[in-house]
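One file, query-v7.txt, carrying compact mmCIF, C-alpha atoms and all ligand atoms:
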```txt
# COMPACT_ATOMS: atom_id res chain seq x y z
CA MET K 1 103.15 80.84 85.91
CA ASP K 2 99.85 81.96 87.36
CA LYS K 3 96.58 80.79 85.86
CA LEU K 4 93.01 81.74 86.63
CA THR K 5 91.31 78.96 88.59
CA VAL K 6 87.76 77.79 89.29
CA ARG K 7 87.79 80.25 92.19
CA ASP K 8 87.97 83.10 89.65
CA ALA K 9 85.08 81.78 87.54
CA ASP K 10 81.43 82.62 87.99
CA VAL K 11 79.92 79.16 87.98
CA ALA K 12 76.65 79.33 89.94
CA GLY K 13 73.87 77.97 87.72
CA LYS K 14 76.34 77.60 84.84
CA ARG K 15 77.11 74.47 82.86
CA VAL K 16 80.75 73.65 83.54
CA PHE K 17 82.72 71.16 81.41
CA VAL K 18 85.43 69.63 83.60
CA ARG K 19 88.21 67.63 81.96
CA VAL K 20 89.40 65.20 84.62
CA ASP K 21 91.98 62.42 84.50
CA PHE K 22 90.02 59.30 85.40
CA ASN K 23 92.46 57.04 83.58
CA VAL K 24 92.58 54.56 86.46
CA PRO K 25 93.65 50.91 86.55
CA LEU K 26 90.75 48.43 86.27
CA GLU K 27 90.60 44.73 87.02
CA ASP K 28 87.50 42.61 86.40
CA GLY K 29 85.43 45.75 85.98
CA LYS K 30 86.57 47.23 89.32
CA VAL K 31 88.77 50.27 89.97
CA THR K 32 91.93 48.98 91.68
CA ASP K 33 93.46 52.39 92.51
CA ASP K 34 91.17 55.41 92.82
CA SER K 35 93.87 58.02 93.62
CA ARG K 36 93.15 59.92 90.42
CA ILE K 37 89.43 60.05 91.15
CA ARG K 38 90.10 61.27 94.69
CA ALA K 39 92.55 63.88 93.39
CA SER K 40 89.78 65.61 91.43
CA LEU K 41 87.20 65.58 94.25
CA PRO K 42 88.08 69.07 95.60
CA THR K 43 87.29 70.66 92.23
CA ILE K 44 84.11 68.65 91.71
CA ARG K 45 82.85 69.30 95.25
CA TYR K 46 83.63 72.99 94.97
CA LEU K 47 81.71 73.34 91.69
CA LEU K 48 78.71 71.38 92.96
CA GLY K 49 78.75 73.44 96.14
CA GLN K 50 78.63 76.61 94.05
CA GLY K 51 75.52 75.32 92.29
CA ALA K 52 77.17 74.55 88.96
CA ARG K 53 75.93 71.87 86.55
CA VAL K 54 79.00 69.71 86.16
CA ILE K 55 79.78 67.78 82.98
CA LEU K 56 82.79 65.55 83.67
CA ALA K 57 84.87 64.10 80.86
CA SER K 58 87.89 61.78 80.74
CA HIS K 59 89.66 59.19 78.69
CA LEU K 60 90.36 55.67 79.91
CA GLY K 61 93.07 53.49 78.39
CA ARG K 62 93.80 53.38 74.68
CA PRO K 63 90.66 52.37 72.78
CA ASP K 64 92.08 54.13 69.68
CA GLY K 65 88.82 55.60 68.46
CA LYS K 66 86.69 52.46 68.88
CA VAL K 67 84.14 51.50 71.50
CA GLN K 68 85.62 48.90 73.85
CA ASP K 69 83.27 47.63 76.50
CA GLY K 70 86.18 46.91 78.86
CA LEU K 71 87.11 50.61 78.77
CA ARG K 72 83.69 52.04 79.58
CA LEU K 73 83.63 54.54 82.44
CA ARG K 74 80.79 52.90 84.41
CA PRO K 75 83.08 51.49 87.16
CA VAL K 76 84.64 54.95 87.50
CA ALA K 77 81.22 56.62 87.79
CA GLU K 78 80.26 54.07 90.44
CA ARG K 79 83.37 54.81 92.49
CA LEU K 80 82.86 58.55 92.06
CA THR K 81 79.24 58.19 93.17
CA MET K 82 80.45 56.42 96.30
CA LEU K 83 83.15 59.00 97.07
CA LEU K 84 80.90 62.00 96.48
CA GLY K 85 77.88 60.47 98.19
CA ARG K 86 75.66 61.50 95.31
CA ASN K 87 74.71 59.87 92.06
CA VAL K 88 76.86 60.56 89.01
CA PRO K 89 75.34 58.90 85.95
CA VAL K 90 77.48 58.10 82.93
CA THR K 91 76.22 58.71 79.39
CA GLY K 92 76.27 55.94 76.76
CA ASP K 93 78.50 58.02 74.50
CA ALA K 94 80.31 61.37 74.65
CA LEU K 95 78.17 62.52 71.70
CA GLY K 96 74.61 61.98 70.50
CA VAL K 97 71.07 63.11 71.25
CA GLY K 98 70.85 61.08 74.44
CA THR K 99 73.85 62.92 75.84
CA VAL K 100 72.63 66.32 74.67
CA ASP K 101 69.36 65.55 76.43
CA ALA K 102 71.03 64.36 79.65
CA VAL K 103 73.04 67.59 79.77
CA LYS K 104 69.86 69.62 79.26
CA ARG K 105 68.15 67.85 82.16
CA LEU K 106 71.08 68.47 84.52
CA ARG K 107 70.10 70.74 87.42
CA ASN K 108 72.19 73.08 89.55
CA GLY K 109 74.47 71.09 91.87
CA GLU K 110 74.26 67.92 89.76
CA ALA K 111 77.00 66.11 87.84
CA LEU K 112 77.21 63.60 85.02
CA LEU K 113 80.13 61.84 83.37
CA LEU K 114 80.51 61.57 79.60
CA GLU K 115 81.52 58.16 78.24
CA ASN K 116 85.22 57.59 77.41
CA LEU K 117 86.29 60.44 75.11
CA ARG K 118 88.78 58.23 73.26
CA PHE K 119 86.00 56.06 71.85
CA HIS K 120 86.10 58.87 69.26
CA ALA K 121 89.33 59.13 67.25
CA GLU K 122 88.58 62.86 66.92
CA GLU K 123 89.53 63.37 70.58
CA GLU K 124 93.25 62.63 70.14
CA LYS K 125 93.30 64.36 66.75
CA ASN K 126 92.07 67.56 68.39
CA ASP K 127 89.34 67.63 65.75
CA PRO K 128 87.70 71.10 65.70
CA GLU K 129 84.20 69.73 65.06
CA PHE K 130 84.46 67.29 67.98
CA ALA K 131 85.76 70.08 70.24
CA LYS K 132 82.81 72.24 69.15
CA GLN K 133 80.32 69.51 70.08
CA LEU K 134 81.90 69.11 73.53
CA ALA K 135 81.91 72.89 73.99
CA SER K 136 78.21 73.06 73.09
CA TYR K 137 77.39 71.30 76.39
CA ALA K 138 78.79 74.06 78.59
CA ASP K 139 79.37 77.75 79.38
CA VAL K 140 82.68 77.39 81.22
CA TYR K 141 85.67 75.03 80.80
CA VAL K 142 87.78 73.69 83.65
CA ASN K 143 90.86 71.54 83.20
CA ASP K 144 91.81 69.42 86.20
CA ALA K 145 93.53 66.69 84.16
CA PHE K 146 97.17 67.55 84.73
CA GLY K 147 98.18 64.03 83.65
CA THR K 148 96.88 64.74 80.13
CA ALA K 149 98.03 68.37 79.89
CA HIS K 150 101.05 67.43 77.75
CA ARG K 151 98.69 66.27 74.99
CA ALA K 152 96.93 68.67 72.61
CA HIS K 153 93.59 66.90 72.33
CA ALA K 154 90.04 68.14 71.70
CA SER K 155 89.15 68.01 75.41
CA THR K 156 92.40 69.59 76.62
CA VAL K 157 93.15 72.23 73.97
CA GLY K 158 90.41 72.46 71.29
CA ILE K 159 87.56 73.11 73.73
CA ALA K 160 89.65 75.52 75.79
CA LYS K 161 89.67 77.90 72.83
CA LEU K 162 85.86 77.86 72.63
CA LEU K 163 84.90 78.42 76.28
CA PRO K 164 86.48 80.56 79.01
CA PRO K 165 89.13 78.15 80.39
CA TYR K 166 90.11 77.83 84.06
CA ALA K 167 92.43 75.54 86.04
CA GLY K 168 90.94 73.14 88.58
CA PHE K 169 92.48 72.81 92.05
CA LEU K 170 94.58 69.78 91.14
CA MET K 171 95.90 71.50 88.02
CA GLU K 172 96.60 74.61 90.10
CA ARG K 173 98.56 72.64 92.68
CA GLU K 174 100.58 70.66 90.13
CA ILE K 175 101.57 73.87 88.32
CA ALA K 176 102.41 75.65 91.58
CA VAL K 177 104.56 72.85 93.00
CA LEU K 178 106.40 72.03 89.77
CA SER K 179 107.00 75.70 88.85
CA ARG K 180 108.46 76.28 92.29
CA LEU K 181 110.99 73.50 91.64
CA LEU K 182 112.17 75.22 88.48
CA GLU K 183 111.89 78.83 89.55
CA ASP K 184 112.44 79.13 93.25
CA PRO K 185 113.40 75.91 95.07
CA ALA K 186 114.56 76.09 98.67
CA ARG K 187 118.25 75.10 98.56
CA PRO K 188 120.06 72.81 98.55
CA PHE K 189 117.92 71.33 95.77
CA ALA K 190 118.52 67.68 94.84
CA ALA K 191 117.11 65.54 92.05
CA ILE K 192 117.12 61.75 92.14
CA VAL K 193 116.64 60.25 88.72
CA GLY K 194 116.39 56.53 88.22
CA GLY K 195 114.20 54.16 86.22
CA ALA K 196 114.82 52.25 83.08
CA LYS K 197 116.17 54.45 80.34
CA VAL K 198 118.29 57.54 79.89
CA SER K 199 116.66 58.26 76.54
CA GLY K 200 113.30 59.04 78.17
CA LYS K 201 114.86 61.28 80.82
CA LEU K 202 117.61 63.03 78.95
CA LYS K 203 115.74 66.27 78.41
CA VAL K 204 114.79 66.42 82.07
CA LEU K 205 118.41 65.85 83.06
CA ASP K 206 119.51 68.57 80.63
CA ASN K 207 117.18 71.05 82.27
CA LEU K 208 117.64 69.95 85.89
CA VAL K 209 121.41 69.94 85.71
CA ASN K 210 121.23 73.74 85.55
CA LYS K 211 118.83 73.98 88.48
CA VAL K 212 119.96 71.50 91.11
CA ASP K 213 122.82 71.41 93.60
CA VAL K 214 122.90 67.62 93.83
CA LEU K 215 122.09 65.04 91.15
CA VAL K 216 121.64 61.43 92.26
CA LEU K 217 121.56 58.83 89.48
CA GLY K 218 120.41 55.25 89.96
CA GLY K 219 118.40 52.46 88.37
CA GLY K 220 118.98 51.12 84.89
CA MET K 221 119.59 54.68 83.74
CA ALA K 222 122.75 54.98 85.80
CA ASN K 223 124.33 52.09 83.87
CA THR K 224 124.72 54.28 80.80
CA PHE K 225 126.48 56.85 83.02
CA LEU K 226 128.77 54.14 84.37
CA LEU K 227 129.65 53.30 80.76
CA ALA K 228 130.32 56.99 80.15
CA GLN K 229 132.82 56.86 83.00
CA GLY K 230 134.51 53.87 81.41
CA THR K 231 133.06 51.23 83.77
CA SER K 232 131.75 48.05 82.11
CA VAL K 233 128.26 46.96 83.08
CA GLY K 234 128.09 43.39 81.77
CA LYS K 235 124.65 42.35 80.58
CA SER K 236 122.93 45.22 82.42
CA LEU K 237 120.26 47.32 80.79
CA ALA K 238 122.18 50.19 79.14
CA GLU K 239 121.88 52.37 76.07
CA HIS K 240 125.16 52.33 74.22
CA ASP K 241 124.02 54.99 71.77
CA MET K 242 123.36 57.35 74.71
CA VAL K 243 126.84 57.21 76.23
CA ASP K 244 127.92 60.48 74.60
CA GLU K 245 124.77 62.16 75.87
CA ALA K 246 125.48 60.87 79.35
CA ARG K 247 129.01 62.25 79.11
CA ARG K 248 127.57 65.60 78.07
CA VAL K 249 125.27 65.67 81.13
CA LEU K 250 128.20 64.83 83.43
CA ALA K 251 130.30 67.60 81.86
CA ALA K 252 127.43 70.10 82.26
CA ALA K 253 127.07 69.06 85.90
CA GLU K 254 130.76 69.56 86.53
CA LYS K 255 130.69 72.97 84.88
CA ALA K 256 127.69 74.03 86.96
CA GLY K 257 129.30 72.76 90.17
CA VAL K 258 126.58 70.14 90.68
CA LYS K 259 127.49 67.24 92.93
CA VAL K 260 126.75 64.00 91.06
CA ILE K 261 126.24 60.73 92.93
CA LEU K 262 126.53 57.54 90.87
CA PRO K 263 126.50 53.95 92.17
CA ILE K 264 129.82 52.84 93.68
CA ASP K 265 128.55 49.41 94.65
CA VAL K 266 125.73 47.47 93.02
CA VAL K 267 123.62 44.37 93.39
CA VAL K 268 124.22 42.10 90.41
CA ALA K 269 122.12 39.10 89.40
CA LYS K 270 122.59 36.19 86.98
CA GLU K 271 119.13 36.87 85.55
CA VAL K 272 116.59 39.62 86.05
CA THR K 273 114.11 37.21 87.64
CA ARG K 274 112.94 36.08 91.06
CA GLY K 275 114.93 33.36 92.76
CA THR K 276 118.10 33.96 90.75
CA GLU K 277 121.63 34.11 92.19
CA TYR K 278 122.70 37.64 93.26
CA LYS K 279 125.38 39.48 95.24
CA THR K 280 126.67 42.97 96.03
CA ILE K 281 129.96 44.04 94.42
CA PRO K 282 131.89 47.25 93.67
CA ALA K 283 130.48 48.99 90.57
CA GLU K 284 133.76 48.69 88.68
CA LYS K 285 133.81 44.89 89.09
CA VAL K 286 130.72 43.89 87.11
CA LEU K 287 131.51 40.77 85.08
CA ALA K 288 130.30 40.20 81.53
CA SER K 289 127.56 37.69 82.37
CA TRP K 290 125.85 39.64 85.20
CA HIS K 291 123.08 42.26 85.36
CA ILE K 292 123.04 45.29 87.67
CA VAL K 293 119.64 45.20 89.39
CA ASP K 294 119.92 47.53 92.42
CA ILE K 295 122.24 49.95 94.20
CA GLY K 296 124.42 48.60 97.01
CA LYS K 297 124.48 49.67 100.68
CA GLU K 298 127.53 51.93 100.31
CA THR K 299 125.86 53.79 97.46
CA LEU K 300 122.71 54.15 99.51
CA GLY K 301 124.75 55.63 102.36
CA ARG K 302 126.41 58.08 100.00
CA MET K 303 123.10 59.10 98.52
CA GLN K 304 121.62 59.66 101.97
CA ASP K 305 124.61 61.78 102.98
CA ALA K 306 124.26 63.88 99.84
CA LEU K 307 120.53 64.34 100.51
CA ALA K 308 120.75 64.89 104.25
CA ASP K 309 120.63 68.69 104.16
CA ALA K 310 118.55 69.05 100.97
CA ARG K 311 115.57 71.34 101.48
CA THR K 312 114.00 70.41 98.16
CA VAL K 313 114.07 66.98 96.53
CA PHE K 314 112.53 65.80 93.29
CA TRP K 315 112.46 62.05 92.72
CA ASN K 316 111.63 60.21 89.53
CA GLY K 317 112.40 56.57 88.79
CA PRO K 318 113.19 53.55 91.00
CA LEU K 319 116.82 52.77 91.84
CA GLY K 320 116.55 49.10 90.95
CA VAL K 321 114.25 46.42 89.57
CA PHE K 322 111.91 47.02 92.51
CA GLU K 323 109.21 44.70 91.13
CA ILE K 324 111.41 41.84 92.39
CA PRO K 325 111.55 42.04 96.22
CA SER K 326 115.25 41.07 96.48
CA PHE K 327 116.14 44.02 94.22
CA ALA K 328 113.82 46.56 95.84
CA HIS K 329 115.97 47.46 98.86
CA GLY K 330 117.59 50.59 97.40
CA THR K 331 114.31 52.00 96.12
CA LYS K 332 112.43 51.22 99.33
CA ALA K 333 115.19 52.66 101.52
CA ILE K 334 115.31 55.91 99.51
CA ALA K 335 111.52 56.16 99.72
CA ARG K 336 111.66 55.84 103.53
CA PHE K 337 114.57 58.26 103.75
CA LEU K 338 112.73 60.87 101.66
CA ALA K 339 109.59 60.47 103.74
CA SER K 340 111.63 61.31 106.83
CA ARG K 341 113.20 64.31 105.04
CA ALA K 342 109.66 65.52 104.32
CA ASP K 343 108.75 64.99 107.98
CA ASP K 344 111.66 67.31 108.80
CA GLY K 345 110.19 70.04 106.63
CA ALA K 346 111.96 69.47 103.31
CA THR K 347 109.85 69.80 100.17
CA VAL K 348 109.82 66.35 98.60
CA VAL K 349 108.08 65.92 95.25
CA VAL K 350 107.71 62.61 93.45
CA GLY K 351 106.68 62.00 89.84
CA GLY K 352 106.50 58.81 87.78
CA GLY K 353 104.19 55.82 87.98
CA ASP K 354 106.73 53.30 89.21
CA SER K 355 108.32 55.56 91.82
CA ILE K 356 104.86 56.34 93.17
CA ALA K 357 104.01 52.63 93.25
CA ALA K 358 107.14 52.02 95.35
CA ILE K 359 106.00 54.71 97.80
CA GLN K 360 102.46 53.43 97.99
CA GLN K 361 103.59 49.84 98.57
CA GLN K 362 105.17 51.04 101.79
CA GLY K 363 102.23 53.25 102.79
CA LEU K 364 104.41 56.38 102.72
CA ALA K 365 102.42 58.53 100.29
CA GLU K 366 100.82 60.80 102.90
CA ARG K 367 104.19 61.94 104.19
CA PHE K 368 105.44 63.39 100.91
CA THR K 369 104.89 67.06 100.07
CA HIS K 370 103.47 66.28 96.67
CA ILE K 371 102.95 63.23 94.52
CA SER K 372 102.40 64.29 90.96
CA THR K 373 99.41 62.60 89.33
CA GLY K 374 100.91 62.97 85.87
CA GLY K 375 104.12 61.03 85.19
CA GLY K 376 104.71 62.05 81.58
CA ALA K 377 103.25 65.50 82.10
CA SER K 378 105.38 66.26 85.16
CA LEU K 379 108.55 65.20 83.35
CA GLU K 380 107.71 67.36 80.34
CA PHE K 381 106.99 70.25 82.68
CA LEU K 382 110.38 69.80 84.33
CA GLU K 383 112.02 69.70 80.91
CA GLY K 384 111.07 73.37 80.89
CA ARG K 385 108.44 72.96 78.20
CA GLU K 386 105.09 74.65 78.28
CA LEU K 387 102.40 71.98 78.24
CA PRO K 388 99.71 72.64 75.60
CA GLY K 389 96.88 71.98 78.07
CA VAL K 390 98.41 74.52 80.48
CA ALA K 391 99.30 77.10 77.82
CA VAL K 392 95.64 77.51 76.75
CA LEU K 393 94.44 78.32 80.27
CA GLN K 394 93.97 82.01 81.04
CA ASP K 395 96.89 83.80 82.67
CA ARG K 396 96.12 85.84 85.73
CA PRO K 397 96.21 89.48 84.60
CA ALA K 398 99.34 91.33 85.72
CA ASP K 399 97.31 93.92 87.68
CA ASP K 400 95.76 91.16 89.79
CA THR K 401 98.17 91.54 92.69
CA GLU K 402 97.18 88.39 94.56
CA PRO K 403 99.28 85.57 93.21
CA THR K 404 98.51 81.88 93.41
CA GLY K 405 100.35 80.51 96.39
CA SER K 406 100.28 81.08 100.08
CA LYS K 407 98.50 84.45 100.11
CA SER K 408 94.74 84.50 100.40
CA ARG K 409 92.59 85.98 97.72
CA GLY K 410 89.80 87.03 100.05
CA LYS K 411 87.69 84.14 98.81
CA THR K 412 89.67 81.38 100.47
CA GLU K 413 86.86 80.45 102.83
CA ALA K 414 85.39 78.81 99.75
CA THR K 415 88.47 76.65 99.28
CA PRO K 416 87.53 73.08 100.07
CA ALA K 417 89.62 71.18 102.57
CA GLY K 418 92.43 69.32 100.88
CA ALA K 419 92.35 71.43 97.73
CA GLY K 420 95.96 72.21 98.50
CA ARG K 421 97.50 75.62 98.17
CA GLY K 422 101.14 74.85 98.53
CA GLY K 423 100.69 72.15 101.15
CA ARG K 424 103.67 71.79 103.43
CA ALA K 425 105.95 73.31 100.80
P1 LIG B 1 108.83 55.94 86.63
O1 LIG B 1 107.58 55.18 86.21
O2 LIG B 1 108.89 56.16 88.11
O3 LIG B 1 109.03 57.18 85.82
P2 LIG B 1 110.48 54.38 84.87
O4 LIG B 1 109.24 53.92 84.17
O5 LIG B 1 111.39 55.28 84.16
O6 LIG B 1 110.07 55.00 86.30
O7 LIG B 1 111.36 53.12 85.30
C1 LIG B 1 110.83 52.08 86.06
C2 LIG B 1 111.43 50.78 85.64
O8 LIG B 1 112.85 50.83 85.71
C3 LIG B 1 111.00 49.66 86.54
O9 LIG B 1 110.22 48.75 85.80
C4 LIG B 1 112.30 49.04 87.02
O10 LIG B 1 112.28 47.62 87.03
C5 LIG B 1 113.28 49.53 85.98
N1 LIG B 1 114.65 49.49 86.49
C6 LIG B 1 115.18 50.15 87.54
N2 LIG B 1 116.45 49.81 87.72
C7 LIG B 1 116.76 48.90 86.78
C8 LIG B 1 117.93 48.17 86.44
N3 LIG B 1 119.04 48.30 87.17
N4 LIG B 1 117.88 47.31 85.39
C9 LIG B 1 116.75 47.19 84.70
N5 LIG B 1 115.62 47.85 84.95
C10 LIG B 1 115.61 48.70 85.97
MG MG B 2 107.19 53.94 84.50
```
Turn this file's structure into structure tokens for me.
Amino acid sequence: MDKLTVRDADVAGKRVFVRVDFNVPLEDGKVTDDSRIRASLPTIRYLLGQGARVILASHLGRPDGKVQDGLRLRPVAERLTMLLGRNVPVTGDALGVGTVDAVKRLRNGEALLLENLRFHAEEEKNDPEFAKQLASYADVYVNDAFGTAHRAHASTVGIAKLLPPYAGFLMEREIAVLSRLLEDPARPFAAIVGGAKVSGKLKVLDNLVNKVDVLVLGGGMANTFLLAQGTSVGKSLAEHDMVDEARRVLAAAEKAGVKVILPIDVVVAKEVTRGTEYKTIPAEKVLASWHIVDIGKETLGRMQDALADARTVFWNGPLGVFEIPSFAHGTKAIARFLASRADDGATVVVGGGDSIAAIQQQGLAERFTHISTGGGASLEFLEGRELPGVAVLQDRPADDTEPTGSKSRGKTEATPAGAGRGGRA
């Protein structure tokens, strides 16, 4: 999958509408994690450097079509202003004469941020009139909001049909890294899937089971697989209506010759709370009144052995209830192990909000090959589905012989540092 990017667009002196994902966590009106803002800086800096007039747009939270003062983008604009070292004003509304006027007054090399798009219900409905109004601000459309690319909204799909659409650098990198996993991973290729529920990850498992050499299952999800193997899991989180599906995945893995690693020992707790009684036991010995809350040491060792020679690893979902420190050992140990695999040159890609949180808590993020900014979007991508926000971007014409990836396109001196063109992959 090769899309035209901002590098292919003629943007000097043009008005460029950039859909970014500034859906960041806020506390008391302050941004508590600005990773998503930082992730879009290469695209914004590049466009400003080219003398474009940049109109940034994002959603924040779920205001469901109503103005909510707590979900205004002012704190985001302030952080962006600080990171860019130049003022980025935010409009009072995504629509209206004031905004039209502010866009008109924008000069080359200047940026502004539209107010939260989801204050208008038309955004999520992909309303054609709303998309038309957004498109009227600009000459060129850039999508750098990979995390929202699985949604067909006015600012991700509607507008992309009205202006020439290009991928931003973050979008380009997400597509490149995730496509590589599906199309051409260095082998052995292993996937580690954990987290809460099988139901949310079934489609990903269905697709990955035909791509990977090793499949490691942990977290609450693995309990349903233990049930499928005939092991009882006591009071553990499990989806009894998914047992047949789990069996199907295991059968598909066996047929494809995929090595599957399931917990053989587990940490069980009386309650899923802090300060409760807990112990490590063999997975087949879970009593009726206990909850599985983490993988045991033997399982961890087995997982590490299975991953030791992997040259590509995709990880989604913690291996235990990592929010409670006593049950975070498996998740934290796998995070450290994968960081060291990446140090050794393996491609290690992580997707999913909670898995990323576990990595960041230990300060390991920099060592991974790629941390996907879009949890839901990256999973849908790995399900093998075409994301609507990606589908509408222009494909690179077949006669354009220089593919996205490691080769230069003759214009690479314009690539900003950190824009990422395959990274260490
Ligand atoms: P991600 O955000 O990385 O995609 P998920 O949202 O699917 O991950 O799952 C994360 C959640 O799974 C965490 O809140 C964690 O507590 C929970 N979890 C992991 N293992 C267990 C378990 N054994 N029992 C209950 N919940 C679990
Ligand atoms: Mg999650």
Dump as a Markdown table the rows for residues of chain K within 8 Å of ligand LIG 1 (chain B): closest atom pair and distance in Å with one decimal, all atoms listed in the file counted, ordered by chain and rising residue number.
```
| residue | atom | partner | partner_atom | distance |
| --- | --- | --- | --- | --- |
| K:Gly194 | CA | B:LIG1 | C6 | 6.5 |
| K:Gly195 | CA | B:LIG1 | O7 | 3.2 |
| K:Ala196 | CA | B:LIG1 | O8 | 3.6 |
| K:Lys197 | CA | B:LIG1 | O5 | 6.2 |
| K:Gly200 | CA | B:LIG1 | O5 | 7.3 |
| K:Lys201 | CA | B:LIG1 | O5 | 7.7 |
| K:Gly218 | CA | B:LIG1 | N2 | 7.1 |
| K:Gly219 | CA | B:LIG1 | N2 | 3.4 |
| K:Gly220 | CA | B:LIG1 | C8 | 3.5 |
| K:Met221 | CA | B:LIG1 | N2 | 7.0 |
| K:Ala222 | CA | B:LIG1 | N3 | 7.8 |
| K:Asn223 | CA | B:LIG1 | N3 | 7.3 |
| K:Ser236 | CA | B:LIG1 | N4 | 6.2 |
| K:Leu237 | CA | B:LIG1 | N4 | 5.2 |
| K:Val272 | CA | B:LIG1 | C9 | 7.7 |
| K:His291 | CA | B:LIG1 | N4 | 7.2 |
| K:Ile292 | CA | B:LIG1 | N3 | 5.0 |
| K:Val293 | CA | B:LIG1 | N3 | 3.9 |
| K:Asp294 | CA | B:LIG1 | N3 | 5.4 |
| K:Ile295 | CA | B:LIG1 | N3 | 7.9 |
| K:Asn316 | CA | B:LIG1 | O2 | 5.1 |
| K:Gly317 | CA | B:LIG1 | O2 | 3.6 |
| K:Pro318 | CA | B:LIG1 | C6 | 5.2 |
| K:Leu319 | CA | B:LIG1 | N2 | 5.1 |
| K:Gly320 | CA | B:LIG1 | N2 | 3.3 |
| K:Val321 | CA | B:LIG1 | O10 | 3.4 |
| K:Phe322 | CA | B:LIG1 | O10 | 5.5 |
| K:Glu323 | CA | B:LIG1 | O10 | 5.9 |
| K:Ile324 | CA | B:LIG1 | O10 | 7.9 |
| K:Gly351 | CA | B:LIG1 | O2 | 6.5 |
| K:Gly352 | CA | B:LIG1 | O2 | 3.6 |
| K:Gly353 | CA | B:LIG1 | O1 | 3.9 |
| K:Asp354 | CA | B:LIG1 | O1 | 3.6 |
| K:Ser355 | CA | B:LIG1 | O2 | 3.8 |
| K:Ile356 | CA | B:LIG1 | O2 | 6.5 |
| K:Ala357 | CA | B:LIG1 | O2 | 7.9 |
| K:Gly375 | CA | B:LIG1 | O3 | 6.3 |
| K:Gly376 | CA | B:LIG1 | O3 | 7.8 |
```
Output for the residues just chosen: C-alpha atoms as a compact mmCIF listing (two decimals), in the frame of the given file:
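Just written: out-v1.txt:
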```txt
# COMPACT_ATOMS: atom_id res chain seq x y z
CA GLY K 194 116.39 56.53 88.22
CA GLY K 195 114.20 54.16 86.22
CA ALA K 196 114.82 52.25 83.08
CA LYS K 197 116.17 54.45 80.34
CA GLY K 200 113.30 59.04 78.17
CA LYS K 201 114.86 61.28 80.82
CA GLY K 218 120.41 55.25 89.96
CA GLY K 219 118.40 52.46 88.37
CA GLY K 220 118.98 51.12 84.89
CA MET K 221 119.59 54.68 83.74
CA ALA K 222 122.75 54.98 85.80
CA ASN K 223 124.33 52.09 83.87
CA SER K 236 122.93 45.22 82.42
CA LEU K 237 120.26 47.32 80.79
CA VAL K 272 116.59 39.62 86.05
CA HIS K 291 123.08 42.26 85.36
CA ILE K 292 123.04 45.29 87.67
CA VAL K 293 119.64 45.20 89.39
CA ASP K 294 119.92 47.53 92.42
CA ILE K 295 122.24 49.95 94.20
CA ASN K 316 111.63 60.21 89.53
CA GLY K 317 112.40 56.57 88.79
CA PRO K 318 113.19 53.55 91.00
CA LEU K 319 116.82 52.77 91.84
CA GLY K 320 116.55 49.10 90.95
CA VAL K 321 114.25 46.42 89.57
CA PHE K 322 111.91 47.02 92.51
CA GLU K 323 109.21 44.70 91.13
CA ILE K 324 111.41 41.84 92.39
CA GLY K 351 106.68 62.00 89.84
CA GLY K 352 106.50 58.81 87.78
CA GLY K 353 104.19 55.82 87.98
CA ASP K 354 106.73 53.30 89.21
CA SER K 355 108.32 55.56 91.82
CA ILE K 356 104.86 56.34 93.17
CA ALA K 357 104.01 52.63 93.25
CA GLY K 375 104.12 61.03 85.19
CA GLY K 376 104.71 62.05 81.58
```
- Non-local contacts of Ala145 in chain K (9 Å; only C-alpha atoms; under 5 positions in same chain excluded) as a ChimeraX atom specification: /K:18-22,40,58,156,168,170-171,373-374,389
- Query: What's the 6 Å shell around Ala269 in chain K, counting only C-alpha atoms, without same-chain residues fewer than 3 positions away, as a list in words?
  - Reply: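 Residues near the query, excluding close chain neighbours: Glu277, Tyr278, Trp290 and His291 of chain K.
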- Query: Leaving out range 83-96 of chain K and any residue of its chain fewer than 4 positions from it, which residues lie within 8 Å of it when counting all atoms listed in the file, given as JSON, numbers by chain?
  - Reply: {"K": [38, 41, 45, 73, 74, 77, 78, 79, 100, 102, 110, 111, 112, 113, 114, 115, 116, 117, 133, 134]}
Please write the residues from the selection above to a file, keeping C-alpha atoms, as a short mmCIF file (atom, residue, chain, number, x, y, z; two decimals), in the coordinates of the input.
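Generated file (result24.cif):
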```
data_model
loop_
_atom_site.label_atom_id
_atom_site.label_comp_id
_atom_site.auth_asym_id
_atom_site.auth_seq_id
_atom_site.Cartn_x
_atom_site.Cartn_y
_atom_site.Cartn_z
CA ARG K 38 90.10 61.27 94.69
CA LEU K 41 87.20 65.58 94.25
CA ARG K 45 82.85 69.30 95.25
CA LEU K 73 83.63 54.54 82.44
CA ARG K 74 80.79 52.90 84.41
CA ALA K 77 81.22 56.62 87.79
CA GLU K 78 80.26 54.07 90.44
CA ARG K 79 83.37 54.81 92.49
CA VAL K 100 72.63 66.32 74.67
CA ALA K 102 71.03 64.36 79.65
CA GLU K 110 74.26 67.92 89.76
CA ALA K 111 77.00 66.11 87.84
CA LEU K 112 77.21 63.60 85.02
CA LEU K 113 80.13 61.84 83.37
CA LEU K 114 80.51 61.57 79.60
CA GLU K 115 81.52 58.16 78.24
CA ASN K 116 85.22 57.59 77.41
CA LEU K 117 86.29 60.44 75.11
CA GLN K 133 80.32 69.51 70.08
CA LEU K 134 81.90 69.11 73.53
#
```
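In this model, the gap between CA of Gln229 in chain K and atom MG of ligand MG 2 (chain B) comes to 25.8 Å.
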- Query: Using only C-alpha atoms, which residues sit within 10 Å of range 359-363 of chain K once same-chain residues fewer than 4 positions away are excluded, as a count of residues only?
  - Reply: 14
